[in-house]
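This is query08.json. It holds JSON, C-alpha atoms and all ligand atoms.
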```
[["chain", "number", "residue", "atom", "x", "y", "z"],
["A", 1, "MET", "CA", -37.79, 243.97, 273.20],
["A", 2, "ASN", "CA", -37.41, 240.53, 271.72],
["A", 3, "PRO", "CA", -34.42, 238.90, 273.40],
["A", 4, "LEU", "CA", -33.14, 235.71, 271.86],
["A", 5, "ILE", "CA", -30.92, 235.15, 274.87],
["A", 6, "ASP", "CA", -32.23, 236.32, 278.22],
["A", 7, "VAL", "CA", -29.92, 235.77, 281.20],
["A", 8, "GLN", "CA", -31.84, 236.44, 284.39],
["A", 9, "ARG", "CA", -30.07, 237.18, 287.67],
["A", 10, "VAL", "CA", -27.45, 234.47, 287.32],
["A", 11, "ASN", "CA", -24.90, 233.71, 290.02],
["A", 12, "LYS", "CA", -21.82, 231.50, 289.89],
["A", 13, "ALA", "CA", -19.09, 231.02, 292.48],
["A", 14, "PHE", "CA", -15.92, 228.92, 292.31],
["A", 15, "GLY", "CA", -15.04, 228.00, 295.88],
["A", 16, "GLY", "CA", -15.33, 231.26, 297.77],
["A", 17, "LEU", "CA", -14.94, 233.42, 294.66],
["A", 18, "GLN", "CA", -18.18, 234.98, 293.38],
["A", 19, "VAL", "CA", -17.37, 235.18, 289.67],
["A", 20, "ILE", "CA", -20.85, 235.97, 288.29],
["A", 21, "ASN", "CA", -22.83, 238.24, 290.51],
["A", 22, "ASP", "CA", -26.59, 238.60, 290.04],
["A", 23, "CYS", "CA", -25.95, 239.17, 286.35],
["A", 24, "SER", "CA", -28.69, 239.83, 283.80],
["A", 25, "ILE", "CA", -28.11, 240.41, 280.08],
["A", 26, "GLN", "CA", -30.27, 240.33, 276.99],
["A", 27, "VAL", "CA", -29.20, 239.65, 273.42],
["A", 28, "GLU", "CA", -31.76, 241.02, 270.99],
["A", 29, "LYS", "CA", -32.78, 238.92, 268.02],
["A", 30, "GLY", "CA", -30.89, 240.13, 264.94],
["A", 31, "SER", "CA", -28.20, 241.99, 266.89],
["A", 32, "ILE", "CA", -24.45, 241.60, 267.05],
["A", 33, "THR", "CA", -24.00, 242.22, 270.75],
["A", 34, "GLY", "CA", -20.48, 242.73, 272.07],
["A", 35, "MET", "CA", -19.18, 241.82, 275.49],
["A", 36, "ILE", "CA", -16.04, 243.44, 276.84],
["A", 37, "GLY", "CA", -14.50, 243.82, 280.27],
["A", 38, "PRO", "CA", -11.18, 243.64, 282.08],
["A", 39, "ASN", "CA", -9.37, 240.33, 282.52],
["A", 40, "GLY", "CA", -11.13, 238.16, 285.08],
["A", 41, "ALA", "CA", -14.44, 240.05, 284.76],
["A", 42, "GLY", "CA", -16.27, 236.75, 284.18],
["A", 43, "LYS", "CA", -16.91, 236.94, 280.41],
["A", 44, "SER", "CA", -15.87, 233.36, 279.61],
["A", 45, "THR", "CA", -17.71, 232.06, 282.66],
["A", 46, "LEU", "CA", -20.88, 233.82, 281.50],
["A", 47, "PHE", "CA", -20.42, 232.29, 278.02],
["A", 48, "ASN", "CA", -20.08, 228.85, 279.62],
["A", 49, "LEU", "CA", -23.28, 229.43, 281.58],
["A", 50, "ILE", "CA", -25.13, 230.47, 278.41],
["A", 51, "ALA", "CA", -23.72, 227.64, 276.29],
["A", 52, "GLY", "CA", -24.44, 225.07, 279.02],
["A", 53, "SER", "CA", -20.92, 223.88, 279.83],
["A", 54, "LEU", "CA", -21.40, 225.29, 283.36],
["A", 55, "ALA", "CA", -24.54, 225.32, 285.54],
["A", 56, "PRO", "CA", -25.39, 228.47, 287.49],
["A", 57, "ASP", "CA", -25.81, 228.42, 291.28],
["A", 58, "SER", "CA", -29.01, 230.39, 290.78],
["A", 59, "GLY", "CA", -30.82, 232.34, 288.08],
["A", 60, "HIS", "CA", -32.12, 231.41, 284.65],
["A", 61, "VAL", "CA", -31.06, 231.34, 281.02],
["A", 62, "LEU", "CA", -33.79, 231.62, 278.37],
["A", 63, "LEU", "CA", -33.41, 230.98, 274.64],
["A", 64, "ASP", "CA", -36.15, 232.55, 272.53],
["A", 65, "GLY", "CA", -38.44, 232.54, 275.56],
["A", 66, "GLU", "CA", -37.73, 228.93, 276.58],
["A", 67, "ASP", "CA", -36.03, 228.26, 279.91],
["A", 68, "ILE", "CA", -32.92, 226.24, 278.99],
["A", 69, "THR", "CA", -31.15, 226.51, 282.37],
["A", 70, "THR", "CA", -31.21, 222.75, 282.97],
["A", 71, "LEU", "CA", -30.42, 221.67, 279.39],
["A", 72, "SER", "CA", -27.02, 220.26, 278.46],
["A", 73, "ALA", "CA", -24.68, 222.04, 276.04],
["A", 74, "ASP", "CA", -25.61, 219.46, 273.41],
["A", 75, "GLN", "CA", -29.34, 220.03, 273.86],
["A", 76, "ARG", "CA", -28.77, 223.77, 273.56],
["A", 77, "PHE", "CA", -26.72, 223.20, 270.39],
["A", 78, "HIS", "CA", -29.65, 221.32, 268.85],
["A", 79, "ARG", "CA", -31.94, 224.23, 269.71],
["A", 80, "GLY", "CA", -29.73, 226.54, 267.66],
["A", 81, "LEU", "CA", -27.43, 227.98, 270.35],
["A", 82, "LEU", "CA", -23.94, 227.54, 269.06],
["A", 83, "ARG", "CA", -20.55, 228.34, 270.45],
["A", 84, "THR", "CA", -17.76, 228.38, 267.89],
["A", 85, "PHE", "CA", -15.53, 226.87, 270.54],
["A", 86, "GLN", "CA", -17.63, 223.68, 270.33],
["A", 87, "ILE", "CA", -16.68, 223.17, 266.72],
["A", 88, "ALA", "CA", -13.26, 224.81, 266.82],
["A", 89, "HIS", "CA", -11.28, 221.59, 266.92],
["A", 90, "GLU", "CA", -11.06, 221.05, 263.21],
["A", 91, "PHE", "CA", -10.16, 217.61, 262.04],
["A", 92, "SER", "CA", -6.66, 218.41, 260.95],
["A", 93, "GLN", "CA", -6.25, 215.33, 258.75],
["A", 94, "MET", "CA", -9.36, 216.16, 256.73],
["A", 95, "SER", "CA", -9.65, 218.74, 254.00],
["A", 96, "ALA", "CA", -11.29, 222.09, 254.64],
["A", 97, "LEU", "CA", -14.30, 220.98, 252.58],
["A", 98, "GLU", "CA", -14.62, 217.69, 254.44],
["A", 99, "ASN", "CA", -14.54, 219.60, 257.71],
["A", 100, "LEU", "CA", -17.65, 221.47, 256.60],
["A", 101, "MET", "CA", -19.32, 218.29, 255.41],
["A", 102, "MET", "CA", -18.84, 216.74, 258.86],
["A", 103, "VAL", "CA", -20.98, 219.32, 260.61],
["A", 104, "PRO", "CA", -24.69, 218.64, 260.01],
["A", 105, "PRO", "CA", -25.78, 216.78, 263.13],
["A", 106, "LYS", "CA", -28.43, 214.62, 261.50],
["A", 107, "GLN", "CA", -26.79, 213.17, 258.41],
["A", 108, "ALA", "CA", -28.73, 210.14, 257.26],
["A", 109, "GLY", "CA", -25.45, 208.47, 256.31],
["A", 110, "GLU", "CA", -24.49, 208.22, 259.95],
["A", 111, "ASP", "CA", -27.51, 206.12, 260.67],
["A", 112, "LEU", "CA", -26.67, 202.51, 259.78],
["A", 113, "PHE", "CA", -30.28, 201.52, 259.26],
["A", 114, "SER", "CA", -31.02, 204.23, 256.77],
["A", 115, "ALA", "CA", -27.73, 203.55, 254.98],
["A", 116, "TRP", "CA", -28.81, 199.91, 254.60],
["A", 117, "LEU", "CA", -32.46, 200.53, 253.80],
["A", 118, "LYS", "CA", -32.29, 203.71, 251.74],
["A", 119, "PRO", "CA", -28.87, 204.03, 250.10],
["A", 120, "SER", "CA", -30.21, 206.37, 247.40],
["A", 121, "LYS", "CA", -31.65, 208.71, 250.04],
["A", 122, "VAL", "CA", -28.27, 208.75, 251.78],
["A", 123, "ARG", "CA", -26.50, 209.53, 248.50],
["A", 124, "ARG", "CA", -28.94, 212.37, 247.79],
["A", 125, "GLU", "CA", -28.41, 213.84, 251.23],
["A", 126, "GLU", "CA", -24.64, 213.57, 250.91],
["A", 127, "ALA", "CA", -24.77, 215.36, 247.58],
["A", 128, "GLU", "CA", -26.89, 218.10, 249.17],
["A", 129, "VAL", "CA", -24.41, 218.49, 252.07],
["A", 130, "ARG", "CA", -21.55, 218.71, 249.56],
["A", 131, "ARG", "CA", -23.38, 221.36, 247.53],
["A", 132, "ARG", "CA", -24.04, 223.38, 250.71],
["A", 133, "ALA", "CA", -20.39, 222.96, 251.84],
["A", 134, "LEU", "CA", -19.16, 224.28, 248.48],
["A", 135, "GLU", "CA", -21.45, 227.29, 248.79],
["A", 136, "VAL", "CA", -20.22, 227.95, 252.32],
["A", 137, "ILE", "CA", -16.56, 227.60, 251.41],
["A", 138, "ASP", "CA", -17.07, 230.21, 248.66],
["A", 139, "PHE", "CA", -18.86, 232.48, 251.09],
["A", 140, "VAL", "CA", -16.00, 232.44, 253.61],
["A", 141, "GLY", "CA", -13.40, 232.90, 250.86],
["A", 142, "LEU", "CA", -11.64, 229.55, 251.29],
["A", 143, "HIS", "CA", -12.46, 228.05, 247.90],
["A", 144, "HIS", "CA", -8.77, 228.11, 246.90],
["A", 145, "VAL", "CA", -7.81, 225.98, 249.92],
["A", 146, "ARG", "CA", -10.87, 223.70, 249.95],
["A", 147, "ASN", "CA", -8.76, 220.57, 249.36],
["A", 148, "GLU", "CA", -5.97, 221.52, 251.80],
["A", 149, "LEU", "CA", -5.78, 219.57, 255.05],
["A", 150, "ALA", "CA", -7.37, 221.74, 257.74],
["A", 151, "GLY", "CA", -4.25, 221.26, 259.86],
["A", 152, "ASN", "CA", -2.21, 223.12, 257.22],
["A", 153, "LEU", "CA", -4.42, 226.24, 257.17],
["A", 154, "SER", "CA", -3.20, 229.45, 258.80],
["A", 155, "GLY", "CA", -4.71, 230.54, 262.12],
["A", 156, "GLY", "CA", -6.94, 233.07, 260.38],
["A", 157, "GLN", "CA", -8.09, 230.59, 257.76],
["A", 158, "LYS", "CA", -9.01, 228.15, 260.56],
["A", 159, "LYS", "CA", -11.18, 230.87, 262.11],
["A", 160, "LEU", "CA", -12.91, 231.38, 258.76],
["A", 161, "LEU", "CA", -13.42, 227.62, 258.55],
["A", 162, "GLU", "CA", -14.90, 227.70, 262.04],
["A", 163, "LEU", "CA", -17.32, 230.38, 260.94],
["A", 164, "GLY", "CA", -18.13, 228.27, 257.89],
["A", 165, "ARG", "CA", -18.93, 225.33, 260.12],
["A", 166, "THR", "CA", -21.36, 227.55, 262.00],
["A", 167, "MET", "CA", -23.10, 228.19, 258.69],
["A", 168, "MET", "CA", -23.57, 224.47, 258.07],
["A", 169, "THR", "CA", -25.92, 224.33, 261.06],
["A", 170, "ASP", "CA", -29.29, 225.96, 261.59],
["A", 171, "ALA", "CA", -27.92, 228.25, 264.27],
["A", 172, "LYS", "CA", -30.17, 230.94, 265.70],
["A", 173, "VAL", "CA", -27.49, 232.52, 267.80],
["A", 174, "VAL", "CA", -23.74, 232.16, 267.74],
["A", 175, "LEU", "CA", -21.40, 232.85, 270.64],
["A", 176, "LEU", "CA", -17.99, 234.00, 269.36],
["A", 177, "ASP", "CA", -15.20, 233.82, 271.93],
["A", 178, "GLU", "CA", -12.18, 235.99, 271.04],
["A", 179, "ILE", "CA", -12.25, 235.04, 267.41],
["A", 180, "ALA", "CA", -9.81, 237.84, 266.47],
["A", 181, "ALA", "CA", -6.99, 236.51, 268.64],
["A", 182, "GLY", "CA", -3.95, 235.65, 266.52],
["A", 183, "VAL", "CA", -5.60, 236.59, 263.20],
["A", 184, "ASN", "CA", -3.84, 239.00, 260.83],
["A", 185, "ARG", "CA", -5.53, 242.28, 259.86],
["A", 186, "THR", "CA", -6.50, 241.21, 256.32],
["A", 187, "LEU", "CA", -8.14, 237.99, 257.41],
["A", 188, "LEU", "CA", -9.72, 239.83, 260.32],
["A", 189, "GLY", "CA", -11.38, 242.14, 257.79],
["A", 190, "ASP", "CA", -12.73, 239.07, 255.94],
["A", 191, "LEU", "CA", -13.91, 237.54, 259.20],
["A", 192, "SER", "CA", -15.72, 240.73, 260.27],
["A", 193, "GLY", "CA", -17.26, 241.10, 256.81],
["A", 194, "ASN", "CA", -18.55, 237.54, 256.94],
["A", 195, "ILE", "CA", -20.03, 238.01, 260.39],
["A", 196, "GLU", "CA", -21.81, 241.15, 259.14],
["A", 197, "ARG", "CA", -23.17, 239.31, 256.10],
["A", 198, "LEU", "CA", -24.33, 236.35, 258.20],
["A", 199, "ASN", "CA", -26.12, 238.82, 260.42],
["A", 200, "ARG", "CA", -27.63, 240.99, 257.68],
["A", 201, "GLU", "CA", -28.31, 238.51, 254.92],
["A", 202, "MET", "CA", -28.99, 235.34, 256.88],
["A", 203, "GLY", "CA", -30.45, 236.67, 260.11],
["A", 204, "TYR", "CA", -27.88, 235.21, 262.51],
["A", 205, "THR", "CA", -27.69, 236.79, 265.96],
["A", 206, "PHE", "CA", -24.24, 237.03, 267.57],
["A", 207, "LEU", "CA", -22.86, 237.50, 271.05],
["A", 208, "VAL", "CA", -19.19, 238.38, 270.76],
["A", 209, "ILE", "CA", -16.50, 238.41, 273.47],
["A", 210, "GLU", "CA", -13.59, 240.34, 272.10],
["A", 211, "HIS", "CA", -10.50, 242.18, 273.29],
["A", 212, "ASP", "CA", -9.99, 243.69, 269.82],
["A", 213, "MET", "CA", -11.73, 247.07, 270.14],
["A", 214, "GLU", "CA", -11.56, 247.79, 266.41],
["A", 215, "MET", "CA", -13.56, 244.67, 265.74],
["A", 216, "ILE", "CA", -16.03, 245.51, 268.51],
["A", 217, "ALA", "CA", -16.45, 249.05, 267.15],
["A", 218, "ARG", "CA", -17.00, 247.80, 263.61],
["A", 219, "LEU", "CA", -19.45, 245.03, 264.40],
["A", 220, "CYS", "CA", -21.18, 245.40, 267.71],
["A", 221, "ASP", "CA", -24.17, 247.36, 268.87],
["A", 222, "PRO", "CA", -24.90, 247.30, 271.71],
["A", 223, "VAL", "CA", -21.79, 246.61, 273.74],
["A", 224, "ILE", "CA", -22.09, 245.23, 277.26],
["A", 225, "VAL", "CA", -19.29, 245.95, 279.73],
["A", 226, "LEU", "CA", -18.87, 243.28, 282.36],
["A", 227, "ALA", "CA", -16.92, 244.02, 285.54],
["A", 228, "GLN", "CA", -16.67, 241.82, 288.61],
["A", 229, "GLY", "CA", -19.33, 239.48, 287.32],
["A", 230, "SER", "CA", -22.10, 241.93, 286.56],
["A", 231, "VAL", "CA", -23.05, 244.49, 283.94],
["A", 232, "MET", "CA", -21.35, 247.82, 284.49],
["A", 233, "VAL", "CA", -22.86, 249.62, 281.49],
["A", 234, "GLU", "CA", -24.42, 248.79, 278.17],
["A", 235, "GLY", "CA", -24.74, 250.99, 275.10],
["A", 236, "HIS", "CA", -23.24, 252.10, 271.81],
["A", 237, "ILE", "CA", -19.44, 251.79, 271.63],
["A", 238, "ASN", "CA", -19.06, 255.60, 271.46],
["A", 239, "GLU", "CA", -20.81, 256.02, 274.81],
["A", 240, "ILE", "CA", -18.88, 253.12, 276.30],
["A", 241, "GLN", "CA", -15.46, 254.41, 275.25],
["A", 242, "ASN", "CA", -16.07, 257.77, 276.90],
["A", 243, "ASN", "CA", -17.63, 256.41, 280.06],
["A", 244, "PRO", "CA", -15.38, 257.31, 283.04],
["A", 245, "GLU", "CA", -16.44, 254.19, 284.97],
["A", 246, "VAL", "CA", -15.35, 251.99, 282.06],
["A", 247, "ILE", "CA", -12.05, 253.83, 281.67],
["A", 248, "GLU", "CA", -11.38, 253.35, 285.36],
["A", 249, "ALA", "CA", -12.28, 249.64, 285.27],
["A", 250, "TYR", "CA", -9.86, 249.10, 282.38],
["A", 251, "PHE", "CA", -6.99, 251.36, 283.31],
["A", 252, "GLY", "CA", -7.38, 252.02, 287.05],
["A", 253, "THR", "CA", -7.68, 255.37, 288.76],
["A", 254, "ASP", "CA", -4.29, 256.61, 287.59],
["A", 255, "ALA", "CA", -5.26, 256.51, 283.92],
["A", 256, "ALA", "CA", -6.90, 259.93, 283.79],
["B", 301, "LIG", "N1", -13.20, 226.59, 286.75],
["B", 301, "LIG", "C1", -12.79, 227.60, 287.53],
["B", 301, "LIG", "N2", -12.40, 227.38, 288.81],
["B", 301, "LIG", "C2", -12.00, 228.39, 289.59],
["B", 301, "LIG", "N3", -11.95, 229.68, 289.22],
["B", 301, "LIG", "C3", -12.31, 229.97, 287.97],
["B", 301, "LIG", "C4", -12.74, 228.96, 287.05],
["B", 301, "LIG", "N4", -13.05, 229.55, 285.86],
["B", 301, "LIG", "C5", -12.81, 230.87, 286.02],
["B", 301, "LIG", "N5", -12.37, 231.12, 287.28],
["B", 301, "LIG", "C6", -12.05, 232.45, 287.82],
["B", 301, "LIG", "O1", -13.15, 233.28, 287.57],
["B", 301, "LIG", "C7", -12.73, 234.60, 287.26],
["B", 301, "LIG", "C8", -13.32, 235.04, 285.94],
["B", 301, "LIG", "O2", -12.74, 234.29, 284.90],
["B", 301, "LIG", "P1", -13.23, 234.39, 283.38],
["B", 301, "LIG", "O3", -12.32, 233.52, 282.58],
["B", 301, "LIG", "O4", -14.68, 234.13, 283.29],
["B", 301, "LIG", "O5", -12.94, 235.92, 283.08],
["B", 301, "LIG", "P2", -12.80, 236.67, 281.68],
["B", 301, "LIG", "O6", -13.53, 237.96, 281.83],
["B", 301, "LIG", "O7", -13.22, 235.77, 280.58],
["B", 301, "LIG", "O8", -11.25, 236.96, 281.63],
["B", 301, "LIG", "P3", -10.24, 237.07, 280.36],
["B", 301, "LIG", "O9", -10.60, 238.32, 279.64],
["B", 301, "LIG", "O10", -8.90, 237.15, 281.02],
["B", 301, "LIG", "O11", -10.42, 235.83, 279.53],
["B", 301, "LIG", "C9", -11.20, 234.58, 287.29],
["B", 301, "LIG", "O12", -10.79, 235.05, 288.54],
["B", 301, "LIG", "C10", -10.88, 233.12, 287.11],
["B", 301, "LIG", "O13", -9.67, 232.80, 287.74]]
```

How does the structure come out when it is put into structure tokens?
Ligand SMILES: Nc1ncnc2c1ncn2[C@@H]1O[C@H](COP(=O)(O)OP(=O)(O)OP(=O)(O)O)[C@@H](O)[C@H]1O
Amino acid sequence: MNPLIDVQRVNKAFGGLQVINDCSIQVEKGSITGMIGPNGAGKSTLFNLIAGSLAPDSGHVLLDGEDITTLSADQRFHRGLLRTFQIAHEFSQMSALENLMMVPPKQAGEDLFSAWLKPSKVRREEAEVRRRALEVIDFVGLHHVRNELAGNLSGGQKKLLELGRTMMTDAKVVLLDEIAAGVNRTLLGDLSGNIERLNREMGYTFLVIEHDMEMIARLCDPVIVLAQGSVMVEGHINEIQNNPEVIEAYFGTDAA
């Protein structure tokens, strides 16, 4: 066991509503872990607790063994915990390529002093970022629209761009929140293929919330089922799909 994300007995209530209930999950390094569950099960809330946009009432969140419970979302981002949501708001008036070039958090060109003192260093770094962005845009299959304004891309192409922006960072683990929503089947195939390649070839770990079961079945192992704020079962998708408890949670007692 080598969990990259280790959520330990986390609780979160909104008013009187206990949304996350003594919940513990682990995301193994190198895995693509899926998270499913009926509407209102607490999936997005758990993502917010992991990403740092919400604080738990109790419990702990560890990243690669370090307790990050009290760190801000930004501090977590800089430790390599990335939520696509955080970079989803593409700059619509910039080209797809420029959107990628915006991502690296520590560009020397943003620092006025280094721009003034070391203009050649800044130029070198900008050239390096551009080279990387061109590589990434090839990887996600958006080379042909690299100079299009991001605002003009289709919904699916924007998701691919989002994934590309993830690749411009040194992410250890990426939280993907319903990335399939509104994406056509062809682009969804590209998106899934790219996630697999990022995982296999570049060692990214993913935690994926998804309603699209085909995508979950293709990509994720294990799959965690969340219900009423805690883990109902966890396992391979084949076990999950045949689990009577899961079927009941999704479809109610009348489904059988
Ligand atoms: N900020 C908030 N204030 C009050 N209640 C909230 C808040 N955020 C979420 N909730 C409630 O917490 C419960 C779980 O919501 P959450 O969005 O985490 O579920 P989910 O599993 O992601 O659902 P879905 O699949 O529909 O997106 C819901 O009852 C929701 O209304």

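All residues, whether protein, DNA or RNA, that have an atom at most 9 Å from ligand LIG 301 (chain B) (counting only C-alpha atoms and all ligand atoms) are Ala13, Phe14, Gly15, Leu17, Gln18, Val19, Ile20, Ile36, Gly37, Pro38, Asn39, Gly40, Ala41, Gly42, Lys43, Ser44, Thr45, Leu46, Phe47, Asn48, Leu54, Glu178, Ile209, Glu210, His211, Leu226, Ala227, Gln228 and Gly229 of chain A.
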
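The interatomic distance for the pair CA of Phe77 (chain A) and CA of Gly164 (chain A) works out to 16.0 Å.
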
Q: Choose the residue, out of A:Asp57, A:Asp74, A:Glu66, A:Asp138, that has the smallest atom-to-atom separation from Ala96 (chain A); count only C-alpha atoms.
A: A:Asp138

Q. Leaving out Gln75 (chain A) and any residue of its chain fewer than 6 positions from it, which residues lie within 12 Å of it when counting all atoms listed in the file, given as a PyMOL selection string?
A. chain A and resi 51-53+63+68-69+81-82+105

Q: Grab the CA of Val7 (chain A) to CA of Ala249 (chain A) distance for me, in Å with one decimal place.
A: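 Going from CA of Val7 (chain A) over to CA of Ala249 (chain A) covers 22.8 Å.
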
Q.
Which residue is closest to Ala73 (chain A)? Choose from A:Ala55, A:Leu176, A:Phe206, A:Leu163 and count all atoms listed in the file.
A.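 Smallest distance to Ala73 (chain A) is found for A:Ala55.
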